[in-house]
Amino acid sequence: MLPLNDALLQQLLSAAAGARTHSHAPYSKYAVGAAVLDEHGRVHAGCNIENAAYPQSWCAETTALGAMVMAGGRQARAALVMGPGPEIITPCGGCRQKLREFNDGDLIVIAADPTGIKAHWTLEQLLPASFGPAHLKF
Ligand code: THU
């Protein structure tokens with residue numbers, strides 16, 4: 001059971017779906033949209049942006065986190081990522097660590113495709129024993 005109300009889930013789904021239409025994925029053709037809910041209840045969205053120099057590409061979650069930070073958000077409460085399906089999308093390792101920067105472990109990560117929500121996890125499940133900001137307070 002997701003600890004988010006239906007209205008919020010719909011907001012995250014539609015923000016991610018909208019962001020996905022902006023995806024720049026001419027190489028993989030794998031369009032992704034992401035939406036992050038911040039500590040103020042605001043939703044920030046982003047898409048994946050690929051590059052002809054392939055390793056310079058970045059994920060939708062990264063774009064959405066950038067939008068959150070630029071809007072003054074510093075805590076991610078939930079993140080929804082929408083791929084094309086049918087395989088259930090999950091955030092890559094790098095994005096798990098980027099999400100970790102803005103949450104201590106109770107972040108809800110939701111996987112979706114254009115037909116709706118397919119799975120959900122906590123960030124702790126996706127990135128156990130993670131390295132985080134507290135490690136640098138030595
Ligand atoms: N991608 C994302 O944007 N988010 C994910 O969670 C998984 C993968 C992107 C990166 C690349 O542009 C494309 O999907 C194929 O890997």
# chains A, B, ... in the order shown; residues from 1 in each chain; ligands from 1
call {"tool": "residues_near_ligand", "arguments": {"ligand": "ligand 1", "cutoff": "10 Å", "atoms": "only C-alpha atoms and all ligand atoms", "output": "PyMOL selection string"}}
result
chain A and resi 20+23-34+46-51+54-63+80-84+88-96+111
call {"tool": "residues_around", "arguments": {"residues": "Thr122 in chain A", "least_positions_apart": "6", "cutoff": "8 Å", "atoms": "only C-alpha atoms", "output": "PDB file with N, CA and C atoms, in the first residue's frame"}}
result
ATOM      1  N   GLY A 105      16.056   7.893   3.693  1.00  0.00           N
ATOM      2  CA  GLY A 105      15.699   6.474   3.629  1.00  0.00           C
ATOM      3  C   GLY A 105      14.220   6.177   3.492  1.00  0.00           C
ATOM      4  N   ASP A 106      13.347   7.163   3.772  1.00  0.00           N
ATOM      5  CA  ASP A 106      11.920   6.858   3.680  1.00  0.00           C
ATOM      6  C   ASP A 106      11.319   7.281   2.332  1.00  0.00           C
ATOM      7  N   LEU A 107      12.192   7.619   1.385  1.00  0.00           N
ATOM      8  CA  LEU A 107      11.715   8.019   0.054  1.00  0.00           C
ATOM      9  C   LEU A 107      10.978   6.862  -0.617  1.00  0.00           C
ATOM     10  N   ILE A 108       9.826   7.169  -1.161  1.00  0.00           N
ATOM     11  CA  ILE A 108       9.064   6.179  -1.921  1.00  0.00           C
ATOM     12  C   ILE A 108       9.428   6.331  -3.395  1.00  0.00           C
ATOM     13  N   VAL A 109       9.850   5.251  -4.010  1.00  0.00           N
ATOM     14  CA  VAL A 109      10.179   5.256  -5.439  1.00  0.00           C
ATOM     15  C   VAL A 109       9.109   4.437  -6.159  1.00  0.00           C
TER      16      VAL A 109
END
call {"tool": "closest_residue", "arguments": {"among": "A:Gly85, A:Lys118, A:Leu126, A:Asp38", "to": "Ala67 in chain A", "atoms": "only C-alpha atoms"}}
result
A:Asp38
call {"tool": "select_by_dssp", "arguments": {"residues": "range 10-112 of chain A", "states": "helix (DSSP H, G or I)", "output": "VMD selection string"}}
result
chain A and resid 10 to 20 54 to 56 60 to 70 93 to 101
call {"tool": "select_by_dssp", "arguments": {"residues": "range 5-121 of chain A", "states": "strand (DSSP E)", "output": "ChimeraX atom specification"}}
result
/A:33-38,43-47,76-82,108-113,116-121
call {"tool": "write_last_selection", "arguments": {"atoms": "C-alpha atoms", "output": "PDB file, in the first residue's frame"}}
result
ATOM      1  CA  GLY A  33       9.825  10.963 -17.452  1.00  0.00           C
ATOM      2  CA  ALA A  34      10.282  11.468 -13.727  1.00  0.00           C
ATOM      3  CA  ALA A  35       8.466  13.465 -11.063  1.00  0.00           C
ATOM      4  CA  VAL A  36       9.752  14.249  -7.582  1.00  0.00           C
ATOM      5  CA  LEU A  37       7.599  15.374  -4.643  1.00  0.00           C
ATOM      6  CA  ASP A  38       9.496  17.766  -2.365  1.00  0.00           C
ATOM      7  CA  VAL A  43       6.140  18.309  -7.793  1.00  0.00           C
ATOM      8  CA  HIS A  44       9.172  18.735 -10.064  1.00  0.00           C
ATOM      9  CA  ALA A  45       9.498  16.895 -13.348  1.00  0.00           C
ATOM     10  CA  GLY A  46      12.226  15.975 -15.788  1.00  0.00           C
ATOM     11  CA  CYS A  47      13.051  13.762 -18.774  1.00  0.00           C
ATOM     12  CA  ALA A  76      12.544  14.321  -1.863  1.00  0.00           C
ATOM     13  CA  ARG A  77       9.516  12.555  -0.351  1.00  0.00           C
ATOM     14  CA  ALA A  78       8.501  10.491  -3.385  1.00  0.00           C
ATOM     15  CA  ALA A  79       9.839   9.932  -6.869  1.00  0.00           C
ATOM     16  CA  LEU A  80       7.896   8.457  -9.763  1.00  0.00           C
ATOM     17  CA  VAL A  81       9.696   7.277 -12.882  1.00  0.00           C
ATOM     18  CA  MET A  82       7.807   6.405 -16.047  1.00  0.00           C
ATOM     19  CA  ILE A 108       9.064   6.179  -1.921  1.00  0.00           C
ATOM     20  CA  VAL A 109      10.179   5.256  -5.439  1.00  0.00           C
ATOM     21  CA  ILE A 110       7.359   4.437  -7.825  1.00  0.00           C
ATOM     22  CA  ALA A 111       7.746   2.728 -11.196  1.00  0.00           C
ATOM     23  CA  ALA A 112       5.185   3.388 -13.883  1.00  0.00           C
ATOM     24  CA  ASP A 113       4.536   3.041 -17.574  1.00  0.00           C
ATOM     25  CA  GLY A 116      -0.140   3.340 -14.740  1.00  0.00           C
ATOM     26  CA  ILE A 117       1.796   2.355 -11.624  1.00  0.00           C
ATOM     27  CA  LYS A 118       3.588  -1.004 -11.780  1.00  0.00           C
ATOM     28  CA  ALA A 119       5.736  -1.259  -8.636  1.00  0.00           C
ATOM     29  CA  HIS A 120       7.031   0.691  -5.679  1.00  0.00           C
ATOM     30  CA  TRP A 121       9.877   0.465  -3.194  1.00  0.00           C
TER      31      TRP A 121
END
call {"tool": "atom_distance", "arguments": {"atom1": "CA of Gly73 in chain A", "atom2": "CA of Arg42 in chain A"}}
result
8.4 Å
call {"tool": "atom_distance", "arguments": {"atom1": "CA of Gln10 in chain A", "atom2": "CA of Pro114 in chain A"}}
result
12.3 Å
